[in-house]
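Below is data-v4.cif, holding mmCIF, C-alpha atoms and all ligand atoms.
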data_entry
#
loop_
_atom_site.label_atom_id
_atom_site.label_comp_id
_atom_site.auth_asym_id
_atom_site.auth_seq_id
_atom_site.Cartn_x
_atom_site.Cartn_y
_atom_site.Cartn_z
CA MET C 1309 50.37 146.85 94.69
CA ILE C 1310 47.04 148.65 95.27
CA MET C 1311 45.81 147.35 91.92
CA PHE C 1312 46.81 143.80 92.97
CA LEU C 1313 44.95 144.12 96.31
CA TYR C 1314 41.92 145.53 94.48
CA LEU C 1315 41.90 142.53 92.10
CA LEU C 1316 42.42 140.08 94.98
CA GLY C 1317 39.45 141.66 96.79
CA LEU C 1318 37.25 141.35 93.71
CA VAL C 1319 38.20 137.70 93.19
CA SER C 1320 37.59 136.90 96.88
CA LEU C 1321 34.21 138.63 96.71
CA TRP C 1322 33.30 136.58 93.66
CA PHE C 1323 34.22 133.33 95.46
CA VAL C 1324 32.13 134.30 98.51
CA TYR C 1325 29.18 135.18 96.23
CA ARG C 1326 29.54 131.85 94.38
CA TRP C 1327 29.74 129.92 97.67
CA TRP C 1328 26.61 131.68 99.00
CA LYS C 1329 24.72 131.11 95.75
CA GLU C 1330 25.66 127.41 95.70
CA THR C 1331 24.40 126.75 99.24
CA LYS C 1332 20.77 127.31 98.19
CA ARG C 1333 18.76 124.09 97.86
CA VAL C 1334 15.46 123.31 96.13
CA SER C 1335 12.39 122.90 98.33
CA ASN C 1336 9.81 120.08 98.60
CA LYS C 1337 12.29 117.23 98.28
CA GLU C 1338 9.59 114.75 99.31
CA ASP C 1339 7.72 115.60 96.06
CA LYS C 1340 10.77 115.10 93.85
CA TYR C 1341 11.52 111.79 92.13
CA VAL C 1342 15.14 110.96 91.32
CA TYR C 1343 16.03 108.00 89.08
CA VAL C 1344 19.58 106.67 89.60
CA THR C 1345 21.16 103.90 87.48
CA GLY C 1346 23.81 101.42 88.67
CA CYS C 1347 22.77 101.37 92.33
CA ASP C 1348 24.11 97.90 93.26
CA SER C 1349 27.46 99.29 94.40
CA GLY C 1350 29.88 102.24 94.39
CA PHE C 1351 28.74 105.84 93.87
CA GLY C 1352 25.20 104.89 92.80
CA ASN C 1353 24.60 102.83 95.93
CA LEU C 1354 25.88 105.53 98.27
CA LEU C 1355 24.01 108.26 96.39
CA THR C 1356 20.64 106.52 96.68
CA LYS C 1357 21.05 106.06 100.45
CA HIS C 1358 22.15 109.70 100.80
CA LEU C 1359 19.25 111.08 98.74
CA ASP C 1360 16.81 108.84 100.62
CA LYS C 1361 18.04 110.28 103.93
CA LEU C 1362 17.64 113.82 102.56
CA GLY C 1363 13.98 113.09 101.81
CA PHE C 1364 13.95 112.65 97.99
CA ARG C 1365 11.79 109.96 96.37
CA VAL C 1366 14.50 107.72 94.95
CA ILE C 1367 13.95 105.26 92.14
CA ALA C 1368 17.05 103.09 92.39
CA ALA C 1369 17.81 101.04 89.28
CA CYS C 1370 19.84 97.94 90.08
CA TYR C 1371 21.52 95.46 87.75
CA THR C 1372 20.98 92.54 90.14
CA GLU C 1373 18.19 91.28 92.40
CA LYS C 1374 20.71 91.10 95.26
CA GLY C 1375 21.40 94.82 94.81
CA GLU C 1376 17.68 95.62 95.00
CA ASP C 1377 17.15 93.49 98.12
CA GLU C 1378 20.12 94.97 99.97
CA LEU C 1379 19.09 98.54 99.20
CA LYS C 1380 15.49 98.00 100.30
CA LYS C 1381 16.68 96.64 103.65
CA VAL C 1382 18.52 99.86 104.54
CA SER C 1383 16.22 102.49 103.02
CA SER C 1384 12.95 104.23 103.85
CA ASP C 1385 9.57 103.27 102.36
CA ARG C 1386 9.94 106.17 99.91
CA LEU C 1387 12.74 104.37 98.03
CA MET C 1388 11.65 102.16 95.17
CA THR C 1389 13.89 99.78 93.21
CA VAL C 1390 13.67 98.66 89.61
CA HIS C 1391 15.66 96.14 87.61
CA LEU C 1392 17.66 97.76 84.80
CA ASP C 1393 20.21 96.68 82.22
CA VAL C 1394 21.15 99.96 80.53
CA ALA C 1395 22.57 98.07 77.54
CA ASP C 1396 19.17 96.50 76.83
CA SER C 1397 16.65 98.90 75.24
CA GLN C 1398 13.73 96.71 76.26
CA SER C 1399 14.80 96.88 79.90
CA VAL C 1400 15.29 100.65 79.63
CA GLY C 1401 11.81 101.06 78.09
CA LYS C 1402 10.20 98.87 80.76
CA ALA C 1403 11.78 100.89 83.57
CA ALA C 1404 10.70 104.17 81.91
CA ALA C 1405 7.09 102.96 81.58
CA LEU C 1406 7.01 102.08 85.27
CA ILE C 1407 8.54 105.43 86.24
CA LYS C 1408 5.94 107.26 84.14
CA THR C 1409 3.11 105.66 86.11
CA VAL C 1410 4.82 106.34 89.44
CA VAL C 1411 5.69 110.03 88.93
CA GLY C 1412 2.36 110.99 87.28
CA GLU C 1413 1.75 114.67 86.64
CA LYS C 1414 4.71 115.76 88.78
CA GLY C 1415 7.18 114.44 86.21
CA LEU C 1416 10.69 113.23 87.05
CA TRP C 1417 12.95 115.68 88.90
CA ALA C 1418 16.26 114.05 87.95
CA VAL C 1419 17.95 111.14 86.27
CA VAL C 1420 21.50 110.23 87.27
CA ASN C 1421 23.26 108.23 84.57
CA ASN C 1422 25.73 106.47 86.82
CA ALA C 1423 25.86 102.81 85.64
CA GLY C 1424 29.15 102.00 84.00
CA VAL C 1425 31.84 99.39 83.44
CA SER C 1426 35.61 99.60 83.06
CA LEU C 1427 36.34 96.23 81.46
CA PRO C 1428 37.69 95.04 79.12
CA SER C 1429 40.59 97.51 79.28
CA GLY C 1430 44.08 97.14 77.89
CA PRO C 1431 46.37 98.29 75.09
CA THR C 1432 44.23 98.96 72.03
CA ASP C 1433 45.90 96.30 69.85
CA TRP C 1434 44.99 93.64 72.42
CA LEU C 1435 41.28 94.29 71.91
CA THR C 1436 38.58 93.43 69.38
CA ILE C 1437 35.73 95.56 68.06
CA GLU C 1438 33.37 93.48 70.23
CA ASP C 1439 35.31 94.63 73.33
CA PHE C 1440 34.73 98.23 72.28
CA LYS C 1441 31.06 97.67 71.43
CA SER C 1442 30.26 95.95 74.74
CA MET C 1443 31.61 98.83 76.86
CA ILE C 1444 30.19 101.55 74.62
CA ALA C 1445 26.80 99.80 74.87
CA VAL C 1446 26.79 100.34 78.65
CA ASN C 1447 28.82 103.53 79.20
CA LEU C 1448 27.59 105.59 76.25
CA CYS C 1449 24.54 104.08 74.49
CA GLY C 1450 23.12 103.22 77.94
CA VAL C 1451 23.41 106.85 79.03
CA ILE C 1452 21.72 108.08 75.83
CA ASP C 1453 18.97 105.45 75.91
CA VAL C 1454 18.09 106.00 79.58
CA THR C 1455 18.07 109.79 79.12
CA LEU C 1456 15.83 109.71 76.05
CA SER C 1457 13.47 107.25 77.76
CA VAL C 1458 12.65 109.72 80.56
CA LEU C 1459 13.36 113.10 78.96
CA PRO C 1460 9.66 114.02 78.46
CA LEU C 1461 9.10 113.38 82.20
CA ILE C 1462 12.11 115.54 83.08
CA LYS C 1463 10.92 118.36 80.80
CA LYS C 1464 7.57 118.21 82.58
CA ALA C 1465 9.28 118.77 85.96
CA LYS C 1466 11.82 121.29 84.56
CA GLY C 1467 14.29 118.92 86.19
CA ARG C 1468 17.86 117.72 85.81
CA VAL C 1469 20.00 115.24 83.90
CA VAL C 1470 23.22 114.27 85.69
CA ASN C 1471 25.74 112.34 83.61
CA VAL C 1472 28.61 110.51 85.25
CA ALA C 1473 31.50 110.72 82.81
CA SER C 1474 35.09 110.66 84.11
CA VAL C 1475 38.17 112.79 84.00
CA PHE C 1476 39.10 110.24 81.32
CA GLY C 1477 36.43 111.85 79.18
CA ARG C 1478 38.82 114.82 79.07
CA ILE C 1479 42.18 113.09 78.56
CA SER C 1480 43.21 109.60 77.36
CA PRO C 1481 46.28 108.28 79.16
CA PHE C 1482 45.51 104.61 78.38
CA GLY C 1483 44.06 102.52 75.55
CA GLY C 1484 40.80 100.66 75.08
CA PRO C 1485 37.15 101.70 75.07
CA TYR C 1486 36.84 103.39 78.50
CA CYS C 1487 38.10 106.84 77.46
CA VAL C 1488 36.29 106.53 74.11
CA SER C 1489 32.99 105.89 75.89
CA LYS C 1490 33.51 108.71 78.42
CA TYR C 1491 34.47 111.25 75.73
CA GLY C 1492 31.15 110.31 74.13
CA VAL C 1493 29.30 110.96 77.39
CA GLU C 1494 30.94 114.40 77.62
CA SER C 1495 29.81 115.25 74.11
CA PHE C 1496 26.27 113.97 74.66
CA ASN C 1497 26.15 115.91 77.92
CA ASP C 1498 27.24 119.18 76.30
CA SER C 1499 24.82 119.06 73.38
CA LEU C 1500 21.97 117.98 75.65
CA ARG C 1501 22.71 120.91 78.00
CA LEU C 1502 22.29 123.36 75.11
CA ASN C 1503 19.21 121.65 73.69
CA MET C 1504 17.45 121.44 77.06
CA ALA C 1505 18.23 124.98 78.27
CA PRO C 1506 15.11 126.51 76.60
CA PHE C 1507 12.94 123.99 78.50
CA GLY C 1508 14.38 124.92 81.89
CA VAL C 1509 16.10 121.51 82.18
CA LYS C 1510 19.60 121.66 83.68
CA VAL C 1511 22.28 119.19 82.60
CA ALA C 1512 25.39 118.52 84.69
CA CYS C 1513 28.43 116.34 84.16
CA ILE C 1514 30.41 114.62 86.93
CA GLU C 1515 34.06 113.91 86.05
CA PRO C 1516 35.62 111.99 88.96
CA GLY C 1517 39.29 111.11 89.24
CA PHE C 1518 40.30 107.71 90.71
CA PHE C 1519 38.04 106.45 93.55
CA LYS C 1520 38.02 103.10 95.31
CA THR C 1521 35.13 101.11 93.81
CA ASN C 1522 34.72 97.93 91.74
CA VAL C 1523 35.71 99.92 88.66
CA THR C 1524 39.20 100.51 90.10
CA ASP C 1525 39.70 97.12 91.79
CA THR C 1526 43.30 96.25 90.83
CA MET C 1527 42.77 92.48 91.25
CA VAL C 1528 39.90 92.57 88.75
CA LEU C 1529 41.83 94.84 86.37
CA LYS C 1530 44.88 92.55 86.52
CA ASN C 1531 42.77 89.43 85.89
CA ASN C 1532 41.24 91.16 82.89
CA LEU C 1533 44.72 92.02 81.51
CA ARG C 1534 45.86 88.43 82.05
CA LYS C 1535 42.82 87.15 80.10
CA LEU C 1536 43.47 89.58 77.25
CA TRP C 1537 47.16 88.54 77.19
CA ASP C 1538 46.31 84.83 77.12
CA ARG C 1539 44.16 85.18 74.03
CA LEU C 1540 46.78 87.21 72.07
CA PRO C 1541 48.39 85.56 69.03
CA GLN C 1542 52.04 84.54 69.63
CA ASP C 1543 53.49 87.19 67.26
CA VAL C 1544 51.83 90.01 69.27
CA LYS C 1545 53.09 88.46 72.55
CA ASP C 1546 56.60 88.35 71.00
CA ASP C 1547 56.38 92.06 70.09
CA TYR C 1548 55.55 92.97 73.69
CA GLY C 1549 57.97 90.53 75.34
CA HIS C 1550 57.28 87.93 78.03
CA ASP C 1551 57.83 90.35 80.96
CA PHE C 1552 55.53 93.12 79.65
CA LEU C 1553 52.53 91.96 81.64
CA GLU C 1554 54.44 91.87 84.95
CA LYS C 1555 55.84 95.37 84.29
CA GLY C 1556 52.30 96.54 83.48
CA PHE C 1557 50.97 95.07 86.74
CA LYS C 1558 53.64 96.89 88.75
CA GLY C 1559 52.82 100.24 87.07
CA LEU C 1560 49.10 99.67 87.64
CA GLU C 1561 49.58 98.89 91.36
CA ASP C 1562 51.83 101.94 91.87
CA ARG C 1563 49.51 104.34 90.05
CA PHE C 1564 46.34 103.13 91.79
CA LYS C 1565 48.03 103.22 95.21
CA LEU C 1566 49.02 106.84 94.61
CA PHE C 1567 45.78 108.15 93.11
CA THR C 1568 42.84 106.14 94.44
CA ASP C 1569 40.71 108.03 96.96
CA SER C 1570 38.45 106.01 99.28
CA ASP C 1571 36.17 108.93 100.24
CA LEU C 1572 33.27 108.28 97.83
CA MET C 1573 31.29 111.11 99.46
CA LYS C 1574 33.43 113.56 97.47
CA VAL C 1575 31.71 112.27 94.33
CA VAL C 1576 28.31 111.70 95.93
CA GLY C 1577 28.36 115.26 97.33
CA CYS C 1578 28.82 116.60 93.80
CA MET C 1579 26.00 114.40 92.48
CA GLU C 1580 23.73 115.59 95.28
CA HIS C 1581 24.60 119.23 94.54
CA ALA C 1582 23.79 118.74 90.87
CA ILE C 1583 20.38 117.34 91.87
CA SER C 1584 19.40 119.57 94.76
CA ALA C 1585 21.13 122.95 94.37
CA VAL C 1586 19.03 125.80 93.04
CA TYR C 1587 22.07 126.79 90.96
CA PRO C 1588 23.94 123.59 90.06
CA ARG C 1589 27.27 123.72 88.26
CA THR C 1590 27.59 122.45 84.71
CA ARG C 1591 30.70 120.39 85.60
CA TYR C 1592 32.04 118.79 88.78
CA SER C 1593 35.53 117.28 89.02
CA PRO C 1594 35.75 115.48 92.37
CA GLY C 1595 39.13 114.13 93.51
CA TRP C 1596 42.46 115.85 93.97
CA ASP C 1597 43.97 113.95 91.03
CA ALA C 1598 41.18 115.21 88.74
CA LYS C 1599 41.55 118.83 89.85
CA PHE C 1600 45.31 119.12 90.10
CA LEU C 1601 46.66 116.53 87.68
CA TRP C 1602 44.37 115.23 84.94
CA LEU C 1603 42.43 118.40 84.14
CA PRO C 1604 45.52 120.67 84.04
CA LEU C 1605 47.23 118.02 81.86
CA SER C 1606 44.23 118.02 79.51
CA TYR C 1607 44.92 121.70 78.71
CA MET C 1608 48.61 121.10 77.91
CA PRO C 1609 50.07 120.68 74.41
CA THR C 1610 49.86 117.10 73.14
CA CYS C 1611 53.67 116.85 72.75
CA ILE C 1612 54.05 117.36 76.52
CA THR C 1613 51.28 115.00 77.65
CA ASP C 1614 52.39 112.28 75.20
CA ARG C 1615 55.96 112.50 76.48
CA LEU C 1616 54.83 112.26 80.11
CA PHE C 1617 52.50 109.32 79.54
CA LEU C 1618 55.07 107.43 77.43
CA LEU C 1619 57.76 107.97 80.05
CA ASP C 1620 55.47 106.49 82.66
CA SER C 1621 54.36 103.38 80.75
CA PRO C 1622 56.10 100.01 80.17
CA LYS C 1623 57.55 99.63 76.65
CA PRO C 1624 56.99 96.66 74.33
CA LYS C 1625 60.15 94.62 73.66
CA ILE C 1626 60.47 95.95 70.10
CA SER C 1627 59.80 99.59 71.10
CA VAL C 1628 61.56 102.21 68.95
CA LEU C 1629 61.36 104.86 71.69
N1 LIG K 1701 35.57 104.68 90.57
C1 LIG K 1701 36.18 105.58 89.83
O1 LIG K 1701 37.37 105.86 90.05
C2 LIG K 1701 35.44 106.29 88.74
C3 LIG K 1701 36.07 107.39 88.16
C4 LIG K 1701 35.40 108.08 87.15
C5 LIG K 1701 34.15 107.68 86.74
N2 LIG K 1701 33.57 106.60 87.31
C6 LIG K 1701 32.23 106.22 86.84
O2 LIG K 1701 31.34 106.19 87.93
C7 LIG K 1701 30.23 105.36 87.60
C8 LIG K 1701 29.92 104.44 88.76
O3 LIG K 1701 31.00 103.54 88.92
P1 LIG K 1701 31.58 103.10 90.34
O4 LIG K 1701 32.98 103.59 90.38
O5 LIG K 1701 30.65 103.43 91.41
O6 LIG K 1701 31.73 101.50 90.10
P2 LIG K 1701 30.72 100.31 90.43
O7 LIG K 1701 30.64 100.10 91.88
O8 LIG K 1701 31.16 99.15 89.58
O9 LIG K 1701 29.31 100.86 89.92
C9 LIG K 1701 28.83 100.67 88.62
C10 LIG K 1701 27.43 100.15 88.72
O10 LIG K 1701 26.89 99.98 87.40
C11 LIG K 1701 26.25 98.71 87.38
N3 LIG K 1701 26.18 98.19 86.01
C12 LIG K 1701 27.15 97.57 85.30
N4 LIG K 1701 26.68 97.24 84.08
C13 LIG K 1701 25.38 97.63 84.05
C14 LIG K 1701 24.34 97.54 83.09
N5 LIG K 1701 24.54 96.97 81.89
N6 LIG K 1701 23.13 98.05 83.39
C15 LIG K 1701 22.90 98.62 84.60
N7 LIG K 1701 23.83 98.73 85.56
C16 LIG K 1701 25.05 98.24 85.29
C17 LIG K 1701 27.08 97.84 88.28
O11 LIG K 1701 26.34 96.69 88.69
P3 LIG K 1701 27.14 95.39 89.19
O12 LIG K 1701 27.93 95.83 90.38
O13 LIG K 1701 26.07 94.42 89.53
O14 LIG K 1701 28.00 94.98 88.04
C18 LIG K 1701 27.37 98.79 89.41
O15 LIG K 1701 26.33 98.83 90.33
C19 LIG K 1701 30.63 104.64 86.32
O16 LIG K 1701 29.99 105.26 85.23
C20 LIG K 1701 32.13 104.84 86.24
O17 LIG K 1701 32.61 104.79 84.92
C21 LIG K 1701 34.19 105.89 88.30
#
For the structure just supplied, provide its representation as structure tokens.
Amino acid sequence: MIMFLYLLGLVSLWFVYRWWKETKRVSNKEDKYVYVTGCDSGFGNLLTKHLDKLGFRVIAACYTEKGEDELKKVSSDRLMTVHLDVADSQSVGKAAALIKTVVGEKGLWAVVNNAGVSLPSGPTDWLTIEDFKSMIAVNLCGVIDVTLSVLPLIKKAKGRVVNVASVFGRISPFGGPYCVSKYGVESFNDSLRLNMAPFGVKVACIEPGFFKTNVTDTMVLKNNLRKLWDRLPQDVKDDYGHDFLEKGFKGLEDRFKLFTDSDLMKVVGCMEHAISAVYPRTRYSPGWDAKFLWLPLSYMPTCITDRLFLLDSPKPKISVL
């Protein structure tokens, strides 16, 4: 019993020490430039407004002109917007050249690779290689391209790279390119963290669970599934059965209702910590589903996770299970 209390005391002390250490923030925020991608909506949009309020010099990269205009209206004069398509190397290079002139000798304090897409998503045999390539171009190649384009500026500032992956970069409960692209981000993140450590550059990965944004809009996801279904050859439709799509929709609605969190600040708070804490973490897993469901599942034997996921998913008409 005494040994148990002694251990409990040590663990509690360690948590208090970690909490105290993690409250420390970097100084001179008004001298620090932070480049965020995908700022038109969702996490990126909220993060830029939050960082702007905290006093950082935000360079908000938007995909659309509307996104830029709306952000400018609600932000301070410090915030600057730039047009960016992360899947287009020319656009990435143009943004990097502009950022280089803006940050000057100070360098760039942080880049947040947030831009991402979740469509097209569906069972893998409903998709083409072009479907995979188009998502990987944004979610993975975009992250790598943007990072490389500003890495010299980040090394100059001994700054940070923050990569937004997903808990689905740790486990793959559904088909299609999303998990593939996010596993790639995790891998890029981990090798970059090691390579940049000698230069004093810190690299952090954000792995959110389900949050209510465009990426998890069930109407959009269902429309995408309907489109994929409509273009399937008849023999594949026959294998799945005419009611497969409706069963899939029901499962999707139920799962998203159960898991989707509307408090985006849980994710934005982690992003902000990764940027502004003196001692940032290497990984953040915002969302109760990420912490208590997906991550624990990712450490379980494959035979268990496969059984659980298969139990929970609709079966094709000719299923042998
Ligand atoms: N929501 C979740 O549950 C969740 C969970 C885990 C990870 N994530 C990740 O979090 C990140 C942010 O997503 P979100 O949930 O905030 O969804 P979101 O609102 O759709 O944000 C994604 C942003 O990326 C932009 N974008 C799309 N394609 C782009 C391109 N080629 N170049 C530049 N920007 C582009 C979008 O612009 P438009 O709006 O103009 O298309 C949008 O502003 C993504 O990487 C996503 O995979 C989300």
Per residue of chain C within 9 Å of ligand LIG 1701 (chain K), which atom pair is closest and at what distance in Å (one decimal), using all atoms listed in the file, listed by chain and increasing number, as JSON lines?
{"residue": "C:Thr1345", "atom": "CA", "partner": "K:LIG1701", "partner_atom": "N7", "distance": 6.1}
{"residue": "C:Gly1346", "atom": "CA", "partner": "K:LIG1701", "partner_atom": "O10", "distance": 3.6}
{"residue": "C:Cys1347", "atom": "CA", "partner": "K:LIG1701", "partner_atom": "O15", "distance": 4.8}
{"residue": "C:Asp1348", "atom": "CA", "partner": "K:LIG1701", "partner_atom": "O15", "distance": 3.8}
{"residue": "C:Ser1349", "atom": "CA", "partner": "K:LIG1701", "partner_atom": "O7", "distance": 4.1}
{"residue": "C:Gly1350", "atom": "CA", "partner": "K:LIG1701", "partner_atom": "O5", "distance": 3.3}
{"residue": "C:Phe1351", "atom": "CA", "partner": "K:LIG1701", "partner_atom": "O5", "distance": 3.9}
{"residue": "C:Gly1352", "atom": "CA", "partner": "K:LIG1701", "partner_atom": "O5", "distance": 5.8}
{"residue": "C:Asn1353", "atom": "CA", "partner": "K:LIG1701", "partner_atom": "O15", "distance": 7.1}
{"residue": "C:Leu1354", "atom": "CA", "partner": "K:LIG1701", "partner_atom": "O5", "distance": 8.6}
{"residue": "C:Ala1369", "atom": "CA", "partner": "K:LIG1701", "partner_atom": "C15", "distance": 7.3}
{"residue": "C:Cys1370", "atom": "CA", "partner": "K:LIG1701", "partner_atom": "N7", "distance": 6.1}
{"residue": "C:Tyr1371", "atom": "CA", "partner": "K:LIG1701", "partner_atom": "N7", "distance": 4.6}
{"residue": "C:Thr1372", "atom": "CA", "partner": "K:LIG1701", "partner_atom": "O13", "distance": 5.5}
{"residue": "C:Glu1373", "atom": "CA", "partner": "K:LIG1701", "partner_atom": "O13", "distance": 9.0}
{"residue": "C:Lys1374", "atom": "CA", "partner": "K:LIG1701", "partner_atom": "O13", "distance": 8.5}
{"residue": "C:Gly1375", "atom": "CA", "partner": "K:LIG1701", "partner_atom": "O13", "distance": 7.1}
{"residue": "C:His1391", "atom": "CA", "partner": "K:LIG1701", "partner_atom": "C15", "distance": 8.2}
{"residue": "C:Leu1392", "atom": "CA", "partner": "K:LIG1701", "partner_atom": "C15", "distance": 5.3}
{"residue": "C:Asp1393", "atom": "CA", "partner": "K:LIG1701", "partner_atom": "N6", "distance": 3.4}
{"residue": "C:Val1394", "atom": "CA", "partner": "K:LIG1701", "partner_atom": "N6", "distance": 4.0}
{"residue": "C:Ala1395", "atom": "CA", "partner": "K:LIG1701", "partner_atom": "N5", "distance": 4.9}
{"residue": "C:Asp1396", "atom": "CA", "partner": "K:LIG1701", "partner_atom": "N5", "distance": 7.4}
{"residue": "C:Asn1421", "atom": "CA", "partner": "K:LIG1701", "partner_atom": "O16", "distance": 7.4}
{"residue": "C:Asn1422", "atom": "CA", "partner": "K:LIG1701", "partner_atom": "C7", "distance": 4.7}
{"residue": "C:Ala1423", "atom": "CA", "partner": "K:LIG1701", "partner_atom": "O10", "distance": 3.5}
{"residue": "C:Gly1424", "atom": "CA", "partner": "K:LIG1701", "partner_atom": "O16", "distance": 3.6}
{"residue": "C:Val1425", "atom": "CA", "partner": "K:LIG1701", "partner_atom": "C12", "distance": 5.4}
{"residue": "C:Ser1426", "atom": "CA", "partner": "K:LIG1701", "partner_atom": "O17", "distance": 6.3}
{"residue": "C:Met1443", "atom": "CA", "partner": "K:LIG1701", "partner_atom": "N5", "distance": 8.9}
{"residue": "C:Ala1445", "atom": "CA", "partner": "K:LIG1701", "partner_atom": "N5", "distance": 7.9}
{"residue": "C:Val1446", "atom": "CA", "partner": "K:LIG1701", "partner_atom": "N5", "distance": 5.2}
{"residue": "C:Asn1447", "atom": "CA", "partner": "K:LIG1701", "partner_atom": "O16", "distance": 6.4}
{"residue": "C:Gly1450", "atom": "CA", "partner": "K:LIG1701", "partner_atom": "N6", "distance": 7.5}
{"residue": "C:Asn1471", "atom": "CA", "partner": "K:LIG1701", "partner_atom": "O16", "distance": 8.4}
{"residue": "C:Val1472", "atom": "CA", "partner": "K:LIG1701", "partner_atom": "O16", "distance": 5.4}
{"residue": "C:Ala1473", "atom": "CA", "partner": "K:LIG1701", "partner_atom": "C5", "distance": 5.6}
{"residue": "C:Ser1474", "atom": "CA", "partner": "K:LIG1701", "partner_atom": "C4", "distance": 4.0}
{"residue": "C:Val1475", "atom": "CA", "partner": "K:LIG1701", "partner_atom": "C4", "distance": 6.3}
{"residue": "C:Phe1476", "atom": "CA", "partner": "K:LIG1701", "partner_atom": "C4", "distance": 7.2}
{"residue": "C:Gly1477", "atom": "CA", "partner": "K:LIG1701", "partner_atom": "C4", "distance": 8.9}
{"residue": "C:Tyr1486", "atom": "CA", "partner": "K:LIG1701", "partner_atom": "O17", "distance": 7.8}
{"residue": "C:Lys1490", "atom": "CA", "partner": "K:LIG1701", "partner_atom": "O17", "distance": 7.6}
{"residue": "C:Ile1514", "atom": "CA", "partner": "K:LIG1701", "partner_atom": "C5", "distance": 7.9}
{"residue": "C:Glu1515", "atom": "CA", "partner": "K:LIG1701", "partner_atom": "C4", "distance": 6.1}
{"residue": "C:Pro1516", "atom": "CA", "partner": "K:LIG1701", "partner_atom": "C4", "distance": 4.3}
{"residue": "C:Gly1517", "atom": "CA", "partner": "K:LIG1701", "partner_atom": "C3", "distance": 5.0}
{"residue": "C:Phe1518", "atom": "CA", "partner": "K:LIG1701", "partner_atom": "O1", "distance": 3.5}
{"residue": "C:Phe1519", "atom": "CA", "partner": "K:LIG1701", "partner_atom": "O1", "distance": 3.6}
{"residue": "C:Lys1520", "atom": "CA", "partner": "K:LIG1701", "partner_atom": "N1", "distance": 5.6}
{"residue": "C:Thr1521", "atom": "CA", "partner": "K:LIG1701", "partner_atom": "O4", "distance": 4.7}
{"residue": "C:Asn1522", "atom": "CA", "partner": "K:LIG1701", "partner_atom": "O8", "distance": 4.3}
{"residue": "C:Val1523", "atom": "CA", "partner": "K:LIG1701", "partner_atom": "O6", "distance": 4.5}
{"residue": "C:Thr1524", "atom": "CA", "partner": "K:LIG1701", "partner_atom": "N1", "distance": 5.5}
{"residue": "C:Asp1525", "atom": "CA", "partner": "K:LIG1701", "partner_atom": "N1", "distance": 8.7}
{"residue": "C:Thr1568", "atom": "CA", "partner": "K:LIG1701", "partner_atom": "O1", "distance": 7.0}
{"residue": "C:Asp1569", "atom": "CA", "partner": "K:LIG1701", "partner_atom": "O1", "distance": 8.0}
{"residue": "C:Leu1572", "atom": "CA", "partner": "K:LIG1701", "partner_atom": "N1", "distance": 8.4}
{"residue": "C:Val1575", "atom": "CA", "partner": "K:LIG1701", "partner_atom": "O2", "distance": 8.8}
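Minimum atom-to-atom distance to Arg1478 (chain C), evaluated using only C-alpha atoms, belongs to C:Gly1492 out of C:Gly1492, C:Pro1541, C:Gly1549, C:Gly1577.
Residues lying within 8 Å of Trp1537 (chain C), counting only C-alpha atoms and ignoring same-chain neighbours fewer than 6 positions away, are Trp1434, Lys1545 and Leu1553 of chain C.
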| Can you find the residues with an atom no farther than 10 Å from (49.4, 91.4, 84.4), counting all atoms listed in the file, and report them as a list in words? | Met1527, Leu1529, Lys1530, Asn1531, Asn1532, Leu1533, Arg1534, Lys1535, Leu1536, Trp1537, Asp1551, Phe1552, Leu1553, Glu1554, Lys1555, Gly1556, Phe1557, Lys1558, Gly1559 and Leu1560 of chain C
| Nearest to Ala1418 (chain C) among C:Lys1599, C:His1550, C:Lys1625, C:Lys1510, with distances taken over all atoms listed in the file: which residue is it? | C:Lys1510
| said: Which polymer residues, whether protein, DNA or RNA, lie within 9 Å of the coordinate (28.6, 121.2, 83.1) when you count all atoms listed in the file? List them as an MDAnalysis selection string, using the chain letters and numbers from the file. | reply: chainID C and resid 1497:1498 1501 1511:1514 1588:1592
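CA of Leu1605 (chain C) to CA of Phe1617 (chain C) spans 10.4 Å [interatomic distance, one decimal].
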